[in-house]
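> Just passing along the structure, written as structure tokens.
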Amino acid sequence: MSVQCSLIVIRIAIAEVSGDPIADDLQERFLALYEQSGATHAIVDLRGVTYLSSVGVGPLLALGRKVREREGRLILCSMASNVESVFHATKLIGTVHGSPATFEHQANVPVAVQSLYRGE
């Protein structure tokens, strides 16, 4: 028996996402959870993340590729201001009137879910 849903919410429970071992583990877990869920869309809750190194972005990029293969959307949410500033500086998330970016972002999980179903 398998269960399929249109979206999956993944919460990162690691405060400091840095270093290859952590990034490799996250990537493996993200992809396994996404594949097993059968979801189209993914929301990644970064509420507990206080530091994200450049290597920590890799698992999110890999998940984003898988989500796009299913014609889904990947939304990041609940970012600490310093984590969000890294995404803005690297242009991985955009501003409201900016050019399209690699990742979408919303304030929190409920707003992210709403944006999926409103088609925003």
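Labels used: A, B, ... for chains in the order of the structure tokens, numbers from 1 for residues in each chain, and numbers from 1 for ligands as shown.
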Any idea what's packed within 7 Å of Ile75 of chain A, counting only C-alpha atoms, ignoring anything in its chain fewer than 5 positions away? Could you give it as a count of residues only?

8

> As an MDAnalysis selection string, please: the residues near Glu84 of chain A (cut-off 9 Å, only C-alpha atoms, same-chain neighbours under 5 positions excluded).

chainID A and resid 79 89 93

> Convert the current residue selection to file output with N, CA and C atoms, as an mmCIF file, in the first residue's frame.


```cif
data_model
loop_
_atom_site.group_PDB
_atom_site.id
_atom_site.type_symbol
_atom_site.label_atom_id
_atom_site.label_comp_id
_atom_site.auth_asym_id
_atom_site.auth_seq_id
_atom_site.Cartn_x
_atom_site.Cartn_y
_atom_site.Cartn_z
ATOM 1 N N MET A 79 12.546 31.347 7.114
ATOM 2 C CA MET A 79 13.995 31.573 7.169
ATOM 3 C C MET A 79 14.361 32.640 8.185
ATOM 4 N N ALA A 89 21.530 37.421 -1.433
ATOM 5 C CA ALA A 89 22.846 37.816 -1.947
ATOM 6 C C ALA A 89 23.289 36.930 -3.107
ATOM 7 N N ILE A 93 16.897 33.392 -4.149
ATOM 8 C CA ILE A 93 15.509 33.813 -4.003
ATOM 9 C C ILE A 93 15.449 35.242 -4.500
#
```

> Can you pull out every residue within 12 Å of Ala13 of chain A, counting only C-alpha atoms, but drop anything in the same chain fewer than 5 positions away, and send it as a list in words?

Ile22, Leu26, Val44, Asp45, Leu46, Arg47, Gly48, Val49, Thr50 and Tyr51 of chain A

> Restricting the output to C-alpha atoms, write the selected residues as a PDB file, in the first residue's frame.


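Written output follows (selection27.pdb):
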```
ATOM      1  CA  ILE A  22      25.630  17.031   6.795  1.00  0.00           C
ATOM      2  CA  LEU A  26      20.304  16.006   3.973  1.00  0.00           C
ATOM      3  CA  VAL A  44      11.100  23.152   3.100  1.00  0.00           C
ATOM      4  CA  ASP A  45      10.677  24.695   6.549  1.00  0.00           C
ATOM      5  CA  LEU A  46      13.944  26.338   7.579  1.00  0.00           C
ATOM      6  CA  ARG A  47      12.625  27.580  10.931  1.00  0.00           C
ATOM      7  CA  GLY A  48      15.380  25.948  12.991  1.00  0.00           C
ATOM      8  CA  VAL A  49      18.287  26.805  10.686  1.00  0.00           C
ATOM      9  CA  THR A  50      20.523  29.570  12.010  1.00  0.00           C
ATOM     10  CA  TYR A  51      23.434  29.055   9.593  1.00  0.00           C
TER      11      TYR A  51
END
```

> Could you pull out all residues of segment 36-114 of chain A with a DSSP call of alpha helix (DSSP H) and give them as an NGL selection string?

:A and (36-37 or 54-69 or 81-89 or 109-114)

> Write out as a ChimeraX atom specification each polymer residue whose atoms come within 9 Å of segment 57-64 of chain A, counting only C-alpha atoms; drop sequence neighbours fewer than 2 positions from it.

/A:17,23-28,30-31,34,42,44,52-55,66-69,72-74,102-103
